[in-house]
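Down below is the structure, laid out as structure tokens.
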Amino acid sequence: MTLVLSIIVIVAIIAYFSFFYIQRRNSGRIAHVQQQISELVNSPLHTGIASVEQITLAGESLAMFEETKQGYLYMVNHQLPELSEHLDEIAEANSHYHFFQVGSGLKKVELKVQAASELEEKTKSEISDVKEDNQEHQQKLSDLDKKYQELRKTLLAKNFSYGPSVDKLEENLAQIETDFDHYAEIANQGDYVTAGKLVSKLDDKTATLEKNLEQIPPLYRNLKNVFPEQLTEIETGYKQLREQKYTFKTDIEKQTAELHALLGENIINLKKLAISEALSCNDRLDAGINALYDELERELAARQKVEKNVPILTKFIEHAEKQQRDLLIELDRLNQNYTFNHNELEDGHSLGTQLKAISTQFKQYQTDVQKGEVIYSESLSQQAKQLADLKMIEEKQAAISDSVQNLWREEQEAKEALLEFDSEIHRLKREVEKLNLPGLTKEYLDYFYRVSDEIEQLDEDINKIQINMDKITKAMINIQADMDVLTEKTNDIIASSSLAELLLQYANRYRVRYPEVAHASAEAYELFNHKYDYAASLEKIATAVDKVEPGAYKRIEDEYYATSPAKD
């Protein structure tokens, strides 16, 4: 029982303190909201509204301000007092612990106070905007009036610089003045919304006029003075150069006439204030005039270079033609005795054809000079190619001449080589004959006769009426290679046969005591006298002798080479 009573007491205490806490918290919220309402009611914004009311407003600006002002005043004079009374009712309910009623009502009041604060901020912002608009448009009126006066002063002071554009410029200036007056009227009435729309267009028109006043003078100066003077200078220079027999790629008279027409077209552009078209037309005039200047100067400079090149070309052509005649005569002469294998004759005649074409072009230039029909820039390009071609022709003439001039020397060298080949093969034959050998192998004899036939064929080719040095040179290379092989074969036969004979004689001292030496000697004799394989015979007997007397073969071989004449 005591426990139950204790629990009831504890619960009662907790409930009491909970109710007390909630009541205190609600009282704090109520006081805070009441403070917010008080601040809103006593806001200095009323002074701001009064200051705006001193500003003259009209139209949309006035309607917007009135709507904002009425909304704010209704909130301060009606909504906020009602909220304050409702807060008193909530405070009374809080004192009687009607917490659910307090919570719901207090939340609604807080939301309405928040909306009131937002309305206050919006009203402040709009009041600030109205003041700023007023200041901005007052400044804009001053700036535009100053700008207008400057434009008017510029147009009046430099009237002569605008040529045909002046009427349209004055018309645009008058329209700007009219628009400015209308804008000033609307702005002074306080209709800043409408004034803002007007001032944007007025700014654009003023900026365009200002830009036109800056762009037109240089355009008009070009049309009035610069371009006409340049065209006159071009026409005068062209006339003088034509009298001096200059010719041009371009129809200068037609081009200058078109440029004069373009001058007239751009006058119309300026009169209509078609500035974009006028700028484009100005660029075309400038480019066209510069192109004509460039062509006159190009032909003037080219003529000096062309005339300077004439004597150089004359001598160059004469020299090349003389070399060409000499080359063809030499080719015809040599062709009687030699076969050309590298198209020397055809190439020589081809150079003559090229040289003739250059000479014909040069003669045509001289004829055109007399007629006054030379375009010197084209002639200069042609001369550059002619000089390069002439240099190439003379280099090829020299190369062909050098190649055929070597034919006689090559022939003499071939004849000397033929004599050497013939002498060498006869020497080899004598060397073999001196040995009095029992015979020679078919392989050696075939090779010997083949080389001999090659030498005879070379002799026949060299002694033809018209010889082919390419063929002879190739034959000489082959013969030399074959002669080297034949010399080696012959030297092998001489050395092998001589050493074999020496060793066979030396082996006689061992034949009785050593049957193997006797047997080897018999085989060596057979290889030597019947098969003519002197190398095999030497190997057979040398092997047998070295077995019974090691080192004997090496000693006999060294003595042989020491006493024998050197073999090639």
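In the structure tokens, each chain is lettered A, B, ... as it comes, each chain's residues begin at 1, and ligands are numbered from 1 in order of appearance.
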
Checklist entry - Quick one: residues within 9 Å of A:Ser498, only C-alpha atoms counted, chain neighbours fewer than 4 positions away excluded, as a VMD selection string? => result chain A and resid 435 493 to 494 502 to 503 534 538 560

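Closest to A:Arg298 among A:Phe528, A:Tyr376, A:Phe180, A:Trp408 is A:Tyr376, based on only C-alpha atoms.
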
Item to check | Pairwise distance for atom CA of A:Lys315 and atom CA of A:Asp368, rounded to one decimal in Å | outcome: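 One can read the atom CA of A:Lys315 to atom CA of A:Asp368 distance as 19.9 Å.
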
Item to check | Residues within 10 Å of A:Asp459, only C-alpha atoms, excluding chain neighbours under 5 positions, as a list in words | outcome: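 Answer for this query is Ala414, Lys415, Leu418, Leu419, Asp422, Asp453, Glu454, Lys464 and Ile472 of chain A.
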
Pull all heavy atoms from the residues just selected and write them as a compact mmCIF listing (two decimals), in the first residue's frame.
# COMPACT_ATOMS: atom_id res chain seq x y z
N ALA A 414 91.65 -2.05 -122.83
CA ALA A 414 91.21 -3.41 -123.16
C ALA A 414 92.25 -4.12 -124.02
O ALA A 414 92.52 -5.32 -123.83
CB ALA A 414 89.87 -3.35 -123.88
N LYS A 415 92.85 -3.40 -124.97
CA LYS A 415 93.89 -4.02 -125.83
C LYS A 415 95.12 -4.40 -125.01
O LYS A 415 95.71 -5.48 -125.22
CB LYS A 415 94.27 -3.05 -126.93
CG LYS A 415 93.19 -2.92 -128.01
CD LYS A 415 93.61 -1.95 -129.11
CE LYS A 415 92.53 -1.91 -130.21
NZ LYS A 415 92.89 -0.96 -131.30
N LEU A 418 94.24 -7.43 -123.12
CA LEU A 418 94.23 -8.59 -124.03
C LEU A 418 95.64 -9.14 -124.20
O LEU A 418 95.87 -10.35 -124.16
CB LEU A 418 93.63 -8.19 -125.37
CG LEU A 418 93.66 -9.26 -126.47
CD1 LEU A 418 92.79 -10.46 -126.04
CD2 LEU A 418 93.15 -8.69 -127.79
N LEU A 419 96.60 -8.23 -124.41
CA LEU A 419 98.00 -8.66 -124.56
C LEU A 419 98.49 -9.36 -123.30
O LEU A 419 99.20 -10.38 -123.37
CB LEU A 419 98.90 -7.45 -124.86
CG LEU A 419 98.70 -6.81 -126.25
CD1 LEU A 419 99.54 -5.54 -126.37
CD2 LEU A 419 99.07 -7.79 -127.36
N ASP A 422 96.90 -12.82 -123.11
CA ASP A 422 97.53 -13.71 -124.09
C ASP A 422 98.93 -14.13 -123.60
O ASP A 422 99.30 -15.31 -123.69
CB ASP A 422 97.62 -13.01 -125.44
CG ASP A 422 98.10 -13.93 -126.54
OD1 ASP A 422 97.38 -14.91 -126.85
OD2 ASP A 422 99.22 -13.70 -127.06
N ASP A 453 89.77 -19.74 -125.45
CA ASP A 453 88.70 -19.32 -126.37
C ASP A 453 88.16 -17.94 -126.00
O ASP A 453 87.84 -17.12 -126.87
CB ASP A 453 87.56 -20.34 -126.36
CG ASP A 453 87.96 -21.66 -127.01
OD1 ASP A 453 88.96 -21.67 -127.75
OD2 ASP A 453 87.26 -22.67 -126.76
N GLU A 454 88.03 -17.70 -124.69
CA GLU A 454 87.54 -16.38 -124.23
C GLU A 454 88.50 -15.27 -124.67
O GLU A 454 88.07 -14.19 -125.10
CB GLU A 454 87.40 -16.37 -122.69
CG GLU A 454 86.24 -17.21 -122.19
CD GLU A 454 86.22 -17.28 -120.67
OE1 GLU A 454 87.19 -16.80 -120.02
OE2 GLU A 454 85.24 -17.81 -120.11
N LYS A 464 86.74 -5.55 -134.11
CA LYS A 464 85.61 -5.26 -134.99
C LYS A 464 85.62 -3.79 -135.41
O LYS A 464 86.24 -2.95 -134.75
CB LYS A 464 84.29 -5.57 -134.28
CG LYS A 464 84.02 -7.06 -134.11
CD LYS A 464 82.69 -7.30 -133.40
CE LYS A 464 82.39 -8.78 -133.26
NZ LYS A 464 81.10 -9.00 -132.56
N ILE A 472 82.80 -5.72 -124.01
CA ILE A 472 84.23 -6.00 -123.85
C ILE A 472 84.63 -5.91 -122.38
O ILE A 472 85.38 -6.75 -121.88
CB ILE A 472 85.06 -5.03 -124.72
CG1 ILE A 472 84.87 -5.40 -126.20
CG2 ILE A 472 86.53 -5.04 -124.34
CD1 ILE A 472 85.46 -4.39 -127.16

As an mmCIF file with N, CA, C and O atoms, in the first residue's frame, please: the residues near A:Lys489 (cut-off 12 Å, only C-alpha atoms, same-chain neighbours under 5 positions excluded).
data_model
loop_
_atom_site.group_PDB
_atom_site.id
_atom_site.type_symbol
_atom_site.label_atom_id
_atom_site.label_comp_id
_atom_site.auth_asym_id
_atom_site.auth_seq_id
_atom_site.Cartn_x
_atom_site.Cartn_y
_atom_site.Cartn_z
ATOM 1 N N LEU A 428 101.797 -19.731 -118.862
ATOM 2 C CA LEU A 428 101.323 -20.901 -118.131
ATOM 3 C C LEU A 428 101.534 -22.184 -118.949
ATOM 4 O O LEU A 428 101.926 -23.234 -118.406
ATOM 5 N N LYS A 429 101.281 -22.072 -120.246
ATOM 6 C CA LYS A 429 101.447 -23.237 -121.120
ATOM 7 C C LYS A 429 102.917 -23.681 -121.143
ATOM 8 O O LYS A 429 103.230 -24.877 -121.058
ATOM 9 N N VAL A 432 104.021 -25.435 -117.911
ATOM 10 C CA VAL A 432 103.565 -26.826 -117.846
ATOM 11 C C VAL A 432 104.383 -27.708 -118.796
ATOM 12 O O VAL A 432 104.776 -28.842 -118.473
ATOM 13 N N LEU A 440 97.853 -34.364 -118.862
ATOM 14 C CA LEU A 440 97.049 -33.439 -118.024
ATOM 15 C C LEU A 440 95.627 -33.945 -117.968
ATOM 16 O O LEU A 440 95.138 -34.564 -118.934
ATOM 17 N N THR A 441 94.923 -33.618 -116.880
ATOM 18 C CA THR A 441 93.538 -34.081 -116.741
ATOM 19 C C THR A 441 92.629 -33.368 -117.732
ATOM 20 O O THR A 441 92.902 -32.231 -118.168
ATOM 21 N N GLU A 443 89.732 -32.228 -117.093
ATOM 22 C CA GLU A 443 89.138 -31.058 -116.414
ATOM 23 C C GLU A 443 90.030 -29.836 -116.573
ATOM 24 O O GLU A 443 89.554 -28.743 -116.873
ATOM 25 N N TYR A 444 91.351 -30.031 -116.408
ATOM 26 C CA TYR A 444 92.279 -28.897 -116.541
ATOM 27 C C TYR A 444 92.345 -28.414 -117.981
ATOM 28 O O TYR A 444 92.309 -27.209 -118.258
ATOM 29 N N LEU A 445 92.450 -29.395 -118.925
ATOM 30 C CA LEU A 445 92.556 -29.023 -120.347
ATOM 31 C C LEU A 445 91.302 -28.289 -120.818
ATOM 32 O O LEU A 445 91.397 -27.301 -121.560
ATOM 33 N N TYR A 447 89.280 -26.468 -118.998
ATOM 34 C CA TYR A 447 89.311 -25.112 -118.426
ATOM 35 C C TYR A 447 90.317 -24.237 -119.162
ATOM 36 O O TYR A 447 90.043 -23.074 -119.467
ATOM 37 N N PHE A 448 91.501 -24.813 -119.490
ATOM 38 C CA PHE A 448 92.541 -24.064 -120.208
ATOM 39 C C PHE A 448 92.028 -23.606 -121.574
ATOM 40 O O PHE A 448 92.182 -22.429 -121.950
ATOM 41 N N ASP A 482 88.617 -15.927 -114.586
ATOM 42 C CA ASP A 482 88.979 -17.276 -115.062
ATOM 43 C C ASP A 482 90.493 -17.464 -115.103
ATOM 44 O O ASP A 482 91.009 -18.563 -114.811
ATOM 45 N N MET A 483 91.225 -16.409 -115.482
ATOM 46 C CA MET A 483 92.689 -16.496 -115.507
ATOM 47 C C MET A 483 93.244 -16.737 -114.111
ATOM 48 O O MET A 483 94.212 -17.481 -113.930
ATOM 49 N N ASP A 484 92.653 -16.083 -113.126
ATOM 50 C CA ASP A 484 93.101 -16.297 -111.748
ATOM 51 C C ASP A 484 92.932 -17.758 -111.345
ATOM 52 O O ASP A 484 93.822 -18.352 -110.701
ATOM 53 N N ILE A 494 102.048 -27.694 -111.117
ATOM 54 C CA ILE A 494 103.513 -27.579 -111.106
ATOM 55 C C ILE A 494 104.068 -28.002 -109.757
ATOM 56 O O ILE A 494 105.020 -28.813 -109.673
ATOM 57 N N ALA A 495 103.501 -27.457 -108.692
ATOM 58 C CA ALA A 495 104.013 -27.778 -107.361
ATOM 59 C C ALA A 495 103.775 -29.237 -107.010
ATOM 60 O O ALA A 495 104.677 -29.935 -106.489
ATOM 61 N N SER A 496 102.555 -29.732 -107.273
ATOM 62 C CA SER A 496 102.223 -31.121 -106.909
ATOM 63 C C SER A 496 103.091 -32.117 -107.676
ATOM 64 O O SER A 496 103.628 -33.084 -107.089
ATOM 65 N N TYR A 534 98.275 -35.415 -110.013
ATOM 66 C CA TYR A 534 99.544 -35.173 -109.342
ATOM 67 C C TYR A 534 99.333 -34.824 -107.862
ATOM 68 O O TYR A 534 100.169 -35.177 -107.021
ATOM 69 N N ALA A 535 98.262 -34.212 -107.546
ATOM 70 C CA ALA A 535 97.986 -33.890 -106.141
ATOM 71 C C ALA A 535 97.724 -35.155 -105.339
ATOM 72 O O ALA A 535 98.230 -35.318 -104.216
ATOM 73 N N LYS A 567 105.883 -18.488 -107.499
ATOM 74 C CA LYS A 567 104.781 -18.769 -108.444
ATOM 75 C C LYS A 567 103.645 -17.804 -108.155
ATOM 76 O O LYS A 567 103.256 -17.619 -107.013
ATOM 77 N N ASP A 568 103.080 -17.163 -109.207
ATOM 78 C CA ASP A 568 101.962 -16.239 -109.056
ATOM 79 C C ASP A 568 100.717 -17.035 -108.763
ATOM 80 O O ASP A 568 100.517 -18.100 -109.287
#

Checklist entry - If you count only C-alpha atoms, which residues fall within 7 Å of stretch 317-333 of chain A, apart from same-chain ones fewer than 2 positions away, as a VMD selection string? => result chain A and resid 313 to 315 335 to 336 345 348 352 359 394 401

Item to check | Non-local contacts of A:Glu258 (12 Å; only C-alpha atoms; under 3 positions in same chain excluded) as a PyMOL selection string | outcome: chain A and resi 231+251-255+261-265+284-285+288-289

Go ahead and write the residues just picked, all heavy atoms, as a compact mmCIF listing (two decimals), in the first residue's frame.
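Here's the written file again19.txt:
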# COMPACT_ATOMS: atom_id res chain seq x y z
N LEU A 231 43.50 56.52 -107.85
CA LEU A 231 43.07 56.06 -109.18
C LEU A 231 43.65 56.94 -110.28
O LEU A 231 44.06 56.44 -111.34
CB LEU A 231 41.54 56.05 -109.25
CG LEU A 231 40.84 54.90 -108.49
CD1 LEU A 231 39.34 55.10 -108.48
CD2 LEU A 231 41.20 53.56 -109.12
N ASP A 251 43.27 43.90 -117.34
CA ASP A 251 42.77 45.02 -118.12
C ASP A 251 42.66 46.21 -117.16
O ASP A 251 41.64 46.40 -116.49
CB ASP A 251 41.41 44.66 -118.73
CG ASP A 251 40.90 45.73 -119.70
OD1 ASP A 251 41.39 46.89 -119.62
OD2 ASP A 251 40.03 45.43 -120.52
N ILE A 252 43.73 47.00 -117.10
CA ILE A 252 43.81 48.09 -116.13
C ILE A 252 42.69 49.10 -116.33
O ILE A 252 42.07 49.58 -115.36
CB ILE A 252 45.19 48.80 -116.21
CG1 ILE A 252 46.32 47.79 -116.00
CG2 ILE A 252 45.28 49.93 -115.19
CD1 ILE A 252 46.43 47.21 -114.65
N GLU A 253 42.41 49.46 -117.59
CA GLU A 253 41.37 50.46 -117.87
C GLU A 253 40.01 49.98 -117.38
O GLU A 253 39.24 50.76 -116.79
CB GLU A 253 41.33 50.76 -119.37
CG GLU A 253 42.59 51.48 -119.88
CD GLU A 253 42.55 51.73 -121.37
OE1 GLU A 253 41.65 51.15 -122.04
OE2 GLU A 253 43.39 52.48 -121.88
N LYS A 254 39.73 48.71 -117.61
CA LYS A 254 38.45 48.16 -117.16
C LYS A 254 38.38 48.16 -115.63
O LYS A 254 37.35 48.51 -115.03
CB LYS A 254 38.29 46.74 -117.69
CG LYS A 254 36.99 46.07 -117.27
CD LYS A 254 36.91 44.64 -117.80
CE LYS A 254 35.65 43.95 -117.32
NZ LYS A 254 35.59 42.53 -117.76
N GLN A 255 39.49 47.78 -114.99
CA GLN A 255 39.53 47.73 -113.53
C GLN A 255 39.33 49.11 -112.91
O GLN A 255 38.59 49.27 -111.94
CB GLN A 255 40.87 47.15 -113.06
CG GLN A 255 41.02 45.66 -113.31
CD GLN A 255 40.10 44.83 -112.42
OE1 GLN A 255 39.90 45.15 -111.26
NE2 GLN A 255 39.51 43.79 -112.98
N ALA A 261 33.18 53.28 -110.52
CA ALA A 261 31.76 52.98 -110.31
C ALA A 261 31.51 52.60 -108.85
O ALA A 261 30.49 52.96 -108.25
CB ALA A 261 31.33 51.83 -111.23
N LEU A 262 32.46 51.90 -108.27
CA LEU A 262 32.35 51.51 -106.87
C LEU A 262 32.41 52.72 -105.94
O LEU A 262 31.75 52.75 -104.90
CB LEU A 262 33.48 50.52 -106.53
CG LEU A 262 33.21 49.50 -105.42
CD1 LEU A 262 31.94 48.71 -105.69
CD2 LEU A 262 34.40 48.54 -105.30
N LEU A 263 33.18 53.73 -106.34
CA LEU A 263 33.20 54.99 -105.57
C LEU A 263 31.80 55.59 -105.50
O LEU A 263 31.32 56.01 -104.45
CB LEU A 263 34.17 55.99 -106.22
CG LEU A 263 35.67 55.76 -106.01
CD1 LEU A 263 36.46 56.76 -106.85
CD2 LEU A 263 36.04 55.91 -104.55
N GLY A 264 31.14 55.64 -106.67
CA GLY A 264 29.78 56.18 -106.72
C GLY A 264 28.81 55.36 -105.90
O GLY A 264 27.94 55.91 -105.21
N GLU A 265 28.99 54.05 -105.92
CA GLU A 265 28.12 53.16 -105.14
C GLU A 265 28.27 53.42 -103.65
O GLU A 265 27.30 53.40 -102.90
CB GLU A 265 28.49 51.71 -105.46
CG GLU A 265 27.64 50.68 -104.75
CD GLU A 265 28.06 49.25 -105.08
OE1 GLU A 265 28.50 49.03 -106.23
OE2 GLU A 265 27.96 48.39 -104.19
N ARG A 284 36.76 46.71 -100.51
CA ARG A 284 36.91 46.26 -101.90
C ARG A 284 37.67 47.29 -102.72
O ARG A 284 38.53 46.95 -103.54
CB ARG A 284 35.54 46.01 -102.51
CG ARG A 284 34.86 44.74 -101.98
CD ARG A 284 33.35 44.75 -102.22
NE ARG A 284 33.03 44.91 -103.62
CZ ARG A 284 31.83 45.27 -104.09
NH1 ARG A 284 30.84 45.53 -103.20
NH2 ARG A 284 31.61 45.38 -105.37
N LEU A 285 37.37 48.56 -102.49
CA LEU A 285 38.10 49.63 -103.18
C LEU A 285 39.58 49.61 -102.81
O LEU A 285 40.46 49.69 -103.69
CB LEU A 285 37.49 50.99 -102.83
CG LEU A 285 36.21 51.37 -103.56
CD1 LEU A 285 35.48 52.50 -102.83
CD2 LEU A 285 36.52 51.80 -105.00
N GLY A 288 41.24 46.54 -104.37
CA GLY A 288 41.36 46.68 -105.82
C GLY A 288 42.45 47.66 -106.22
O GLY A 288 43.24 47.39 -107.14
N ILE A 289 42.52 48.79 -105.53
CA ILE A 289 43.55 49.79 -105.84
C ILE A 289 44.93 49.25 -105.51
O ILE A 289 45.88 49.43 -106.30
CB ILE A 289 43.25 51.10 -105.06
CG1 ILE A 289 42.01 51.78 -105.65
CG2 ILE A 289 44.45 52.03 -105.08
CD1 ILE A 289 41.51 52.96 -104.85

Checklist entry - Near A:Ala542, counting only C-alpha atoms, which residues have an atom at most 8 Å away, once you skip same-chain residues fewer than 2 positions from it, shown as a list of chain:residue names? => result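 In the requested form, the answer reads A:Ala500, A:Leu503, A:Leu538, A:Glu539, A:Lys540, A:Ala544, A:Val545, A:Asp546, A:Tyr553.
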
Please produce a file of those selected residues containing C-alpha atoms, as a PDB file, in the first residue's frame.
ATOM      1  CA  ALA A 500     105.614 -35.858-106.100  1.00  0.00           C
ATOM      2  CA  LEU A 503     109.257 -37.659-102.848  1.00  0.00           C
ATOM      3  CA  LEU A 538     101.824 -36.434-103.860  1.00  0.00           C
ATOM      4  CA  GLU A 539      99.431 -37.084-100.989  1.00  0.00           C
ATOM      5  CA  LYS A 540      99.816 -40.857-101.334  1.00  0.00           C
ATOM      6  CA  ALA A 544     103.831 -43.166 -96.660  1.00  0.00           C
ATOM      7  CA  VAL A 545     107.202 -41.413 -96.282  1.00  0.00           C
ATOM      8  CA  ASP A 546     106.045 -39.401 -93.224  1.00  0.00           C
ATOM      9  CA  TYR A 553     107.615 -34.216 -96.425  1.00  0.00           C
TER      10      TYR A 553
END

Checklist entry - Nearest to A:Gln505 among A:Asp286, A:Ile541, A:His530, A:Glu229, with distances taken over only C-alpha atoms: which residue is it? => result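 Nearest candidate to A:Gln505 out of A:Asp286, A:Ile541, A:His530, A:Glu229: A:Ile541.
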
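Shortest separation to A:Tyr449 among A:Asp203, A:Ile425, A:Pro550, A:Ile467 occurs at residue A:Ile425, atoms counted being only C-alpha atoms.
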
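Across the structure, atom CA of A:Lys371 and atom CA of A:Glu295 are spaced 20.7 Å apart.
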